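J.: Just one file: target_16.pdb, with PDB, C-alpha atoms.
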```pdb
ATOM      1  CA  MET X 117       0.000   0.000   0.000
ATOM      2  CA  ILE X 118       2.803   2.423   0.840
ATOM      3  CA  GLN X 119       4.477   1.731  -2.505
ATOM      4  CA  ILE X 120       1.270   2.485  -4.415
ATOM      5  CA  LYS X 121       0.783   5.802  -2.608
ATOM      6  CA  THR X 122       4.365   6.832  -3.326
ATOM      7  CA  MET X 123       4.005   5.979  -6.996
ATOM      8  CA  ASN X 124       0.737   7.943  -7.267
ATOM      9  CA  ARG X 125       2.287  10.957  -5.558
ATOM     10  CA  GLY X 126       5.206  10.886  -8.005
ATOM     11  CA  ALA X 127       2.775  10.620 -10.914
ATOM     12  CA  ILE X 128       1.275  13.964  -9.871
ATOM     13  CA  VAL X 129       4.121  15.880  -8.218
ATOM     14  CA  GLY X 130       6.713  14.948 -10.873
ATOM     15  CA  PRO X 131       4.733  16.450 -13.778
ATOM     16  CA  LEU X 132       3.914  19.497 -11.632
ATOM     17  CA  TYR X 133       7.621  20.195 -11.108
ATOM     18  CA  PHE X 134       8.237  19.485 -14.792
ATOM     19  CA  VAL X 135       5.535  21.872 -16.030
ATOM     20  CA  ILE X 136       6.636  24.727 -13.746
ATOM     21  CA  ALA X 137      10.223  24.163 -14.902
ATOM     22  CA  GLY X 138       8.995  24.372 -18.506
ATOM     23  CA  ALA X 139       7.291  27.697 -17.776
ATOM     24  CA  LEU X 140      10.510  29.072 -16.273
ATOM     25  CA  PHE X 141      12.503  27.829 -19.285
ATOM     26  CA  ALA X 142      10.007  29.583 -21.585
ATOM     27  CA  GLY X 143      10.587  32.849 -19.755
ATOM     28  CA  SER X 144      14.339  32.319 -19.932
ATOM     29  CA  ASN X 145      14.182  31.615 -23.672
ATOM     30  CA  THR X 146      12.241  34.834 -24.221
ATOM     31  CA  ALA X 147      14.836  36.829 -22.276
ATOM     32  CA  VAL X 148      17.648  35.182 -24.271
ATOM     33  CA  GLN X 149      15.930  36.075 -27.539
ATOM     34  CA  GLY X 150      15.510  39.648 -26.400
ATOM     35  CA  ALA X 151      19.197  39.984 -25.559
ATOM     36  CA  GLY X 152      20.304  38.336 -28.806
ATOM     37  CA  MET X 153      17.810  39.500 -31.423
ATOM     38  CA  VAL X 154      16.955  42.946 -30.056
ATOM     39  CA  TYR X 155      20.255  44.049 -28.498
ATOM     40  CA  GLY X 156      22.682  41.960 -30.549
ATOM     41  CA  VAL X 157      24.521  40.277 -27.674
ATOM     42  CA  PRO X 158      26.456  37.236 -29.033
ATOM     43  CA  SER X 159      24.863  33.921 -28.141
ATOM     44  CA  ALA X 160      27.991  32.498 -26.462
ATOM     45  CA  THR X 161      28.257  35.612 -24.286
ATOM     46  CA  ILE X 162      24.627  35.269 -23.250
ATOM     47  CA  ALA X 163      25.113  31.599 -22.349
ATOM     48  CA  PHE X 164      28.172  32.362 -20.190
ATOM     49  CA  TRP X 165      26.538  35.099 -18.129
ATOM     50  CA  GLN X 166      23.195  33.322 -17.973
ATOM     51  CA  TYR X 167      24.710  30.289 -16.254
ATOM     52  CA  ALA X 168      27.206  32.284 -14.196
ATOM     53  CA  LEU X 169      24.368  34.322 -12.710
ATOM     54  CA  ALA X 170      22.232  31.178 -12.348
ATOM     55  CA  SER X 171      24.992  29.592 -10.237
ATOM     56  CA  ILE X 172      24.877  32.549  -7.864
ATOM     57  CA  ALA X 173      21.088  32.609  -7.785
ATOM     58  CA  VAL X 174      20.782  28.929  -6.881
ATOM     59  CA  LEU X 175      23.081  29.099  -3.838
ATOM     60  CA  PRO X 176      20.327  29.994  -1.335
ATOM     61  CA  ILE X 177      18.294  27.014  -2.552
ATOM     62  CA  VAL X 178      21.048  24.439  -2.189
ATOM     63  CA  LEU X 179      23.029  25.585   0.867
ATOM     64  CA  THR X 180      21.808  22.558   2.822
ATOM     65  CA  ALA X 181      22.786  20.070   0.114
ATOM     66  CA  SER X 182      25.596  17.576   0.516
ATOM     67  CA  TRP X 183      28.393  18.334  -1.974
ATOM     68  CA  ARG X 184      30.144  14.983  -1.763
ATOM     69  CA  SER X 185      29.668  12.679  -4.700
ATOM     70  CA  ASP X 186      31.102   9.313  -5.656
ATOM     71  CA  ARG X 187      30.186   9.819  -9.313
ATOM     72  CA  PRO X 188      32.178  12.828 -10.558
ATOM     73  CA  LEU X 189      32.570  11.417 -14.067
ATOM     74  CA  MET X 190      28.808  11.110 -14.437
ATOM     75  CA  HIS X 191      28.406  14.732 -13.351
ATOM     76  CA  LEU X 192      31.047  15.736 -15.883
ATOM     77  CA  LEU X 193      29.331  13.786 -18.676
ATOM     78  CA  ARG X 194      26.017  15.434 -17.817
ATOM     79  CA  VAL X 195      27.602  18.880 -17.930
ATOM     80  CA  VAL X 196      29.391  18.279 -21.239
ATOM     81  CA  LEU X 197      26.174  17.100 -22.893
ATOM     82  CA  ALA X 198      24.202  20.013 -21.446
ATOM     83  CA  ALA X 199      26.870  22.553 -22.433
ATOM     84  CA  ILE X 200      26.887  21.436 -26.058
ATOM     85  CA  GLY X 201      23.091  21.555 -26.062
ATOM     86  CA  VAL X 202      23.106  25.077 -24.599
ATOM     87  CA  GLN X 203      25.473  26.338 -27.295
ATOM     88  CA  PHE X 204      23.340  24.898 -30.092
ATOM     89  CA  TRP X 205      20.112  26.185 -28.530
ATOM     90  CA  VAL X 206      21.249  29.733 -27.789
ATOM     91  CA  ALA X 207      22.840  29.984 -31.246
ATOM     92  CA  GLY X 208      19.564  28.876 -32.815
ATOM     93  CA  LEU X 209      17.465  31.317 -30.778
ATOM     94  CA  ALA X 210      19.659  34.191 -31.923
ATOM     95  CA  VAL X 211      18.760  33.742 -35.592
ATOM     96  CA  VAL X 212      15.377  32.010 -35.963
ATOM     97  CA  PRO X 213      11.847  32.662 -34.653
ATOM     98  CA  ILE X 214      10.991  30.933 -31.407
ATOM     99  CA  TRP X 215       8.357  28.614 -32.939
ATOM    100  CA  GLN X 216      10.773  27.148 -35.463
ATOM    101  CA  ALA X 217      13.330  26.447 -32.747
ATOM    102  CA  VAL X 218      10.736  24.907 -30.432
ATOM    103  CA  ALA X 219       9.278  22.818 -33.263
ATOM    104  CA  LEU X 220      12.611  21.080 -33.653
ATOM    105  CA  ILE X 221      13.293  20.799 -29.919
ATOM    106  CA  LEU X 222      10.124  18.678 -29.753
ATOM    107  CA  THR X 223      12.307  15.767 -30.813
ATOM    108  CA  SER X 224      13.923  15.774 -27.344
ATOM    109  CA  PRO X 225      11.088  13.862 -25.600
ATOM    110  CA  LEU X 226      11.312  11.209 -28.303
ATOM    111  CA  PHE X 227      15.059  10.844 -27.690
ATOM    112  CA  VAL X 228      14.568  10.669 -23.908
ATOM    113  CA  THR X 229      11.722   8.164 -24.082
ATOM    114  CA  LEU X 230      13.718   5.834 -26.329
ATOM    115  CA  GLY X 231      16.872   6.267 -24.255
ATOM    116  CA  ALA X 232      15.021   5.626 -20.992
ATOM    117  CA  GLY X 233      13.921   2.269 -22.317
ATOM    118  CA  LEU X 234      17.293   1.310 -23.805
ATOM    119  CA  PHE X 235      19.706   2.596 -21.152
ATOM    120  CA  LEU X 236      17.709   3.076 -17.938
ATOM    121  CA  LYS X 237      15.537  -0.010 -18.489
ATOM    122  CA  GLU X 238      12.379   1.948 -17.723
ATOM    123  CA  HIS X 239       9.063   0.430 -18.701
ATOM    124  CA  LEU X 240       7.886   1.937 -21.992
ATOM    125  CA  SER X 241       4.148   1.473 -21.624
ATOM    126  CA  LEU X 242       1.906   2.022 -24.602
ATOM    127  CA  SER X 243       0.360   5.069 -22.930
ATOM    128  CA  ARG X 244       3.786   6.720 -22.504
ATOM    129  CA  VAL X 245       4.783   6.195 -26.121
ATOM    130  CA  ILE X 246       1.403   7.313 -27.495
ATOM    131  CA  ALA X 247       1.371  10.413 -25.276
ATOM    132  CA  VAL X 248       4.779  11.509 -26.571
ATOM    133  CA  LEU X 249       3.735  10.973 -30.189
ATOM    134  CA  VAL X 250       0.371  12.731 -29.714
ATOM    135  CA  GLY X 251       2.146  15.638 -28.030
ATOM    136  CA  ALA X 252       4.429  15.958 -31.058
ATOM    137  CA  VAL X 253       1.354  16.018 -33.319
ATOM    138  CA  GLY X 254      -0.111  18.795 -31.176
ATOM    139  CA  GLY X 255       3.102  20.742 -31.579
ATOM    140  CA  ALA X 256       2.951  20.320 -35.347
ATOM    141  CA  ILE X 257      -0.634  21.624 -35.375
ATOM    142  CA  ILE X 258       0.471  24.743 -33.520
ATOM    143  CA  LEU X 259       3.524  25.403 -35.633
ATOM    144  CA  ALA X 260       2.650  24.077 -39.102
ATOM    145  CA  PRO X 261       6.396  24.153 -39.834
ATOM    146  CA  TRP X 262       5.830  22.828 -43.360
ATOM    147  CA  ARG X 263       4.486  26.291 -44.264
ATOM    148  CA  ASP X 264       7.715  28.050 -43.324
ATOM    149  CA  ALA X 265      10.976  28.125 -45.221
ATOM    150  CA  PHE X 266      13.359  26.798 -42.601
ATOM    151  CA  GLN X 267      16.840  28.273 -42.435
ATOM    152  CA  TRP X 268      19.751  25.884 -42.108
ATOM    153  CA  ALA X 269      20.415  27.557 -38.753
ATOM    154  CA  ALA X 270      17.068  26.219 -37.527
ATOM    155  CA  LEU X 271      18.563  22.724 -37.524
ATOM    156  CA  MET X 272      20.698  23.677 -34.537
ATOM    157  CA  PRO X 273      17.833  23.001 -32.097
ATOM    158  CA  VAL X 274      17.759  19.381 -33.331
ATOM    159  CA  ALA X 275      21.321  18.957 -32.135
ATOM    160  CA  ALA X 276      20.389  20.709 -28.890
ATOM    161  CA  ALA X 277      17.490  18.271 -28.459
ATOM    162  CA  ALA X 278      19.745  15.236 -28.844
ATOM    163  CA  PHE X 279      22.395  16.471 -26.411
ATOM    164  CA  TRP X 280      19.820  17.629 -23.845
ATOM    165  CA  ALA X 281      18.112  14.257 -24.058
ATOM    166  CA  GLY X 282      21.425  12.612 -23.184
ATOM    167  CA  SER X 283      21.881  15.044 -20.285
ATOM    168  CA  SER X 284      18.361  14.271 -19.029
ATOM    169  CA  LEU X 285      19.065  10.537 -19.041
ATOM    170  CA  VAL X 286      22.283  11.062 -17.055
ATOM    171  CA  THR X 287      20.342  13.294 -14.637
ATOM    172  CA  LYS X 288      17.782  10.554 -14.050
ATOM    173  CA  GLU X 289      20.568   8.043 -13.423
ATOM    174  CA  LEU X 290      22.241  10.403 -10.922
ATOM    175  CA  THR X 291      19.022  10.853  -8.931
ATOM    176  CA  LYS X 292      19.589   7.331  -7.602
ATOM    177  CA  THR X 293      22.450   8.635  -5.440
ATOM    178  CA  GLU X 294      22.391  12.479  -5.555
ATOM    179  CA  ASN X 295      19.944  15.091  -4.214
ATOM    180  CA  ALA X 296      18.336  17.890  -6.221
ATOM    181  CA  GLY X 297      20.575  20.570  -4.720
ATOM    182  CA  THR X 298      23.776  18.777  -5.673
ATOM    183  CA  LEU X 299      22.479  18.059  -9.163
ATOM    184  CA  THR X 300      21.495  21.683  -9.726
ATOM    185  CA  LEU X 301      24.638  23.349  -8.430
ATOM    186  CA  ALA X 302      26.995  20.851 -10.063
ATOM    187  CA  LEU X 303      25.406  21.449 -13.460
ATOM    188  CA  LEU X 304      25.326  25.235 -13.228
ATOM    189  CA  VAL X 305      28.793  25.699 -11.735
ATOM    190  CA  LEU X 306      30.513  23.297 -14.116
ATOM    191  CA  LEU X 307      28.766  24.873 -17.104
ATOM    192  CA  VAL X 308      30.318  28.271 -16.364
ATOM    193  CA  PRO X 309      33.920  27.477 -17.447
ATOM    194  CA  VAL X 310      32.687  25.433 -20.406
ATOM    195  CA  ASN X 311      30.535  28.320 -21.602
ATOM    196  CA  GLY X 312      33.408  30.667 -20.805
ATOM    197  CA  LEU X 313      35.646  28.871 -23.285
ATOM    198  CA  ALA X 314      32.943  29.148 -25.927
ATOM    199  CA  ALA X 315      32.558  32.890 -25.223
ATOM    200  CA  MET X 316      36.248  33.730 -25.631
ATOM    201  CA  GLY X 317      35.798  34.414 -29.314
ATOM    202  CA  SER X 318      32.866  36.803 -28.889
ATOM    203  CA  GLY X 319      33.983  38.406 -25.644
ATOM    204  CA  PHE X 320      32.197  38.870 -22.333
ATOM    205  CA  THR X 321      30.732  42.346 -22.748
ATOM    206  CA  VAL X 322      26.990  42.771 -22.300
ATOM    207  CA  THR X 323      25.405  46.126 -23.089
ATOM    208  CA  SER X 324      23.683  47.895 -20.218
ATOM    209  CA  GLU X 325      20.353  47.703 -22.074
ATOM    210  CA  ALA X 326      20.551  43.908 -22.295
ATOM    211  CA  LEU X 327      22.014  43.253 -18.845
ATOM    212  CA  TRP X 328      18.670  42.895 -17.106
ATOM    213  CA  LEU X 329      17.487  40.382 -19.706
ATOM    214  CA  VAL X 330      20.583  38.219 -19.257
ATOM    215  CA  ALA X 331      20.190  38.418 -15.460
ATOM    216  CA  LEU X 332      16.520  37.447 -15.732
ATOM    217  CA  ALA X 333      17.416  34.510 -17.990
ATOM    218  CA  GLY X 334      19.923  33.304 -15.381
ATOM    219  CA  LEU X 335      17.459  33.576 -12.500
ATOM    220  CA  LEU X 336      14.742  31.707 -14.385
ATOM    221  CA  VAL X 337      17.045  28.923 -15.597
ATOM    222  CA  ALA X 338      18.320  28.388 -12.034
ATOM    223  CA  GLY X 339      14.812  27.718 -10.767
ATOM    224  CA  ALA X 340      13.988  25.593 -13.797
ATOM    225  CA  GLN X 341      17.030  23.337 -13.390
ATOM    226  CA  TYR X 342      16.279  22.774  -9.696
ATOM    227  CA  LEU X 343      12.660  21.816 -10.366
ATOM    228  CA  LEU X 344      13.761  19.594 -13.241
ATOM    229  CA  ALA X 345      16.048  17.667 -10.910
ATOM    230  CA  ARG X 346      13.214  17.348  -8.373
ATOM    231  CA  ALA X 347      10.922  15.984 -11.087
ATOM    232  CA  TYR X 348      13.403  13.301 -12.146
ATOM    233  CA  MET X 349      13.836  12.270  -8.510
ATOM    234  CA  VAL X 350      10.172  11.331  -8.102
ATOM    235  CA  ALA X 351       9.118  10.089 -11.563
ATOM    236  CA  ASP X 352      10.417   8.047 -14.491
ATOM    237  CA  ALA X 353      12.114   9.969 -17.282
ATOM    238  CA  ALA X 354       9.927   8.350 -19.952
ATOM    239  CA  TYR X 355       6.743   9.192 -18.023
ATOM    240  CA  LEU X 356       7.662  12.890 -17.749
ATOM    241  CA  GLN X 357       8.309  13.460 -21.458
ATOM    242  CA  PRO X 358       4.714  14.123 -22.632
ATOM    243  CA  PHE X 359       4.604  17.039 -20.176
ATOM    244  CA  ASP X 360       7.652  18.528 -21.857
ATOM    245  CA  HIS X 361       5.410  19.440 -24.797
ATOM    246  CA  LEU X 362       3.444  21.841 -22.584
ATOM    247  CA  LYS X 363       6.268  24.371 -22.762
ATOM    248  CA  LEU X 364       5.542  24.797 -26.477
ATOM    249  CA  PRO X 365       2.363  26.913 -26.129
ATOM    250  CA  LEU X 366       4.106  28.857 -23.361
ATOM    251  CA  ASN X 367       7.080  29.670 -25.615
ATOM    252  CA  VAL X 368       4.811  30.546 -28.523
ATOM    253  CA  ALA X 369       2.574  32.764 -26.376
ATOM    254  CA  LEU X 370       5.559  34.702 -25.013
ATOM    255  CA  GLY X 371       6.963  35.043 -28.541
ATOM    256  CA  ILE X 372       3.667  36.578 -29.686
ATOM    257  CA  VAL X 373       3.471  38.978 -26.732
ATOM    258  CA  PHE X 374       7.052  40.255 -26.792
ATOM    259  CA  PHE X 375       8.208  39.865 -30.393
ATOM    260  CA  GLY X 376       5.072  39.540 -32.499
ATOM    261  CA  PHE X 377       6.207  36.070 -33.628
ATOM    262  CA  GLU X 378       2.824  34.710 -34.606
ATOM    263  CA  PRO X 379       3.030  31.083 -35.757
ATOM    264  CA  PRO X 380       1.071  30.045 -38.853
ATOM    265  CA  GLY X 381      -0.596  27.035 -37.198
ATOM    266  CA  MET X 382      -3.638  26.693 -34.928
ATOM    267  CA  MET X 383      -2.274  27.370 -31.456
ATOM    268  CA  TRP X 384      -5.230  26.605 -29.229
ATOM    269  CA  ILE X 385      -6.242  23.402 -31.026
ATOM    270  CA  GLY X 386      -2.673  22.117 -30.844
ATOM    271  CA  ALA X 387      -2.351  23.198 -27.216
ATOM    272  CA  GLY X 388      -5.547  21.314 -26.443
ATOM    273  CA  VAL X 389      -4.112  18.153 -28.018
ATOM    274  CA  ILE X 390      -0.905  18.506 -25.968
ATOM    275  CA  ILE X 391      -2.764  19.114 -22.703
ATOM    276  CA  GLY X 392      -5.123  16.233 -23.420
ATOM    277  CA  ALA X 393      -2.238  13.812 -24.035
ATOM    278  CA  SER X 394      -0.501  14.919 -20.830
ATOM    279  CA  ALA X 395      -3.675  14.627 -18.751
ATOM    280  CA  TRP X 396      -4.407  11.182 -20.173
ATOM    281  CA  VAL X 397      -0.997   9.691 -19.357
ATOM    282  CA  MET X 398      -1.090  11.251 -15.859
ATOM    283  CA  ARG X 399      -4.527   9.735 -15.194
ATOM    284  CA  ASP X 400      -3.378   6.368 -16.547
ATOM    285  CA  GLU X 401      -0.298   6.228 -14.313
ATOM    286  CA  ALA X 402      -1.798   7.821 -11.198
ATOM    287  CA  GLY X 403      -4.377   5.072 -11.217
TER
END
```
As structure tokens, how would this structure be written, given the file I've shared?
T.:
Amino acid sequence: MIQIKTMNRGAIVGPLYFVIAGALFAGSNTAVQGAGMVYGVPSATIAFWQYALASIAVLPIVLTASWRSDRPLMHLLRVVLAAIGVQFWVAGLAVVPIWQAVALILTSPLFVTLGAGLFLKEHLSLSRVIAVLVGAVGGAIILAPWRDAFQWAALMPVAAAAFWAGSSLVTKELTKTENAGTLTLALLVLLVPVNGLAAMGSGFTVTSEALWLVALAGLLVAGAQYLLARAYMVADAAYLQPFDHLKLPLNVALGIVFFGFEPPGMMWIGAGVIIGASAWVMRDEAG
């Protein structure tokens, strides 16, 4: 009986953490686009300061965490995968509309779901697989990417999706022995020098007009990464992936409000499909 209650709690709390994290990531993406597209700050420079400031912001959250770890190589692998994904993602956001980038990042849940079954030996139930696929269909309805002429630069989010999927799988594996505070701080702190190397070519200068946007992006990504770690601690990686699609309407809505990026698809119909798929898999697993 205790095991069933714990599983049901994870089936509800895990997606809740995941969805809130997605909302924070959407806000961070909007701030990054503002700094890059409006004020012309180089993408590598944005990534460096975003994660440097996020490391500072997360300290009050994780002061009680234990910093000892017996798996430093796994932490390093997670950071390397995440860092490469960040560079591809920020570079893509600097040159293409948000909906095109998000359309391609929708492949990440597919990568994670497959990887969770192959490498983490998680149970890939029919409901989990169908929910991920239906969520992708909902995203396509919103974006109708076949109507847009994609730039080659828009393929960068596909690479970001693959590397972030790998980082997510390593995160889930680390939750077996690490707490959310350790996972969050290790990722953010170790990303700073990696992003610093990438920013050496573009420099580290941020204009005063864009500084608040970069700071906001860092604050939001700090909270998002912490909640993401909490989600993976209480729920299977494959189960959480349909809820990843919910950040799509959030990103699109913010793009419309702040940049006038109005996608050519049917937003509310697609959003309804995504929400319906997420609600169905949650109901199926919560029992």
J.: Do a neighbour search on Ala168 in chain X at 8 Å with all atoms listed in the file, toss out local chain neighbours closer than 4 positions, and write the hits as a PyMOL selection string.
T.: chain X and resi 164+172+304-305+308+334
J.: Under the rule of at most 12 Å, produce a per-residue listing of range 374-395 of chain X near range 121-140 of chain X: chain, number, name, the closest pair of atoms, and the distance in Å, as a tab-separated table, using all atoms listed in the file.
T.:
```
residue	atom	partner	partner_atom	distance
X:Ile391	CA	X:Val135	CA	11.0
X:Ser394	CA	X:Pro131	CA	8.9
X:Ala395	CA	X:Pro131	CA	9.9
```
J.: Which one is closest to Leu242 in chain X: X:Tyr355, X:Phe375, X:Gly392, X:Leu192? Count all atoms listed in the file.
T.: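 That would be X:Tyr355, the residue with the smallest distance to Leu242 in chain X.
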J.: Could you check the closest approach to Gly231 in chain X for each of X:Ile162, X:Ala354, X:Met316, X:Leu299 and tell me which residue wins, using all atoms listed in the file?
T.: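 Smallest separation from Gly231 in chain X among the options: X:Ala354.
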J.: Hey, which of X:Leu290, X:Leu307, X:Leu356, X:Val174 ends up closest to Leu197 in chain X? Count only C-alpha atoms.
T.: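 When distances to Leu197 in chain X are compared using only C-alpha atoms, the smallest one comes from X:Leu307.
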J.: Between X:Val330, X:Ile372, X:Met190, X:Leu313, single out the one closest to Glu294 in chain X, counting all atoms listed in the file.
T.: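 Nearest candidate to Glu294 in chain X out of X:Val330, X:Ile372, X:Met190, X:Leu313: X:Met190.
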J.: Running the PyMOL selection byres ((chain X and resi 245) around 9) on this model by hand, what would come out? Give it as an MDAnalysis selection string.
T.: chainID X and resid 226 229:230 240:244 246:250 354:355 358
J.: Write the residues of the preceding selection, restricted to C-alpha atoms, as a compact mmCIF listing (two decimals), in the frame of the given file.
T.:
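And here's again.txt as it stands now:
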```txt
# COMPACT_ATOMS: atom_id res chain seq x y z
CA LEU X 226 11.31 11.21 -28.30
CA THR X 229 11.72 8.16 -24.08
CA LEU X 230 13.72 5.83 -26.33
CA LEU X 240 7.89 1.94 -21.99
CA SER X 241 4.15 1.47 -21.62
CA LEU X 242 1.91 2.02 -24.60
CA SER X 243 0.36 5.07 -22.93
CA ARG X 244 3.79 6.72 -22.50
CA ILE X 246 1.40 7.31 -27.50
CA ALA X 247 1.37 10.41 -25.28
CA VAL X 248 4.78 11.51 -26.57
CA LEU X 249 3.74 10.97 -30.19
CA VAL X 250 0.37 12.73 -29.71
CA ALA X 354 9.93 8.35 -19.95
CA TYR X 355 6.74 9.19 -18.02
CA PRO X 358 4.71 14.12 -22.63
```
J.: Which residue out of X:Arg399, X:Arg346, X:Arg187, X:Arg194 has the minimum interatomic distance to Ser283 in chain X when all atoms listed in the file are used?
T.: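 Nearest to Ser283 in chain X: X:Arg194.
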J.: How many Å lie between CA of Ile257 in chain X and CA of Leu362 in chain X, rounded to one decimal?
T.: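 Distance reported for this atom pair: 13.4 Å.
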J.: Counting all atoms listed in the file, figure out which residue out of X:Gly386, X:Gly376, X:Gly319, X:Gly297 gets nearest to Leu175 in chain X.
T.: X:Gly297
J.: Please provide the set of residues having any atom within 12 Å of His191 in chain X, restricted to only C-alpha atoms, with same-chain residues fewer than 4 positions apart removed, written as a ChimeraX atom specification.
T.: /X:183-187,195-198,283-291,293-294,298-307
J.: As an exercise, work out the distance from CA of Asn311 in chain X to CA of Phe227 in chain X in Å and give it to one decimal place.
T.: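 Interatomic distance, CA of Asn311 in chain X to CA of Phe227 in chain X: 24.1 Å.
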J.: Have a look at CA of Val310 in chain X and CA of Ala199 in chain X and let me know their distance in Å, one decimal.
T.: 6.8 Å
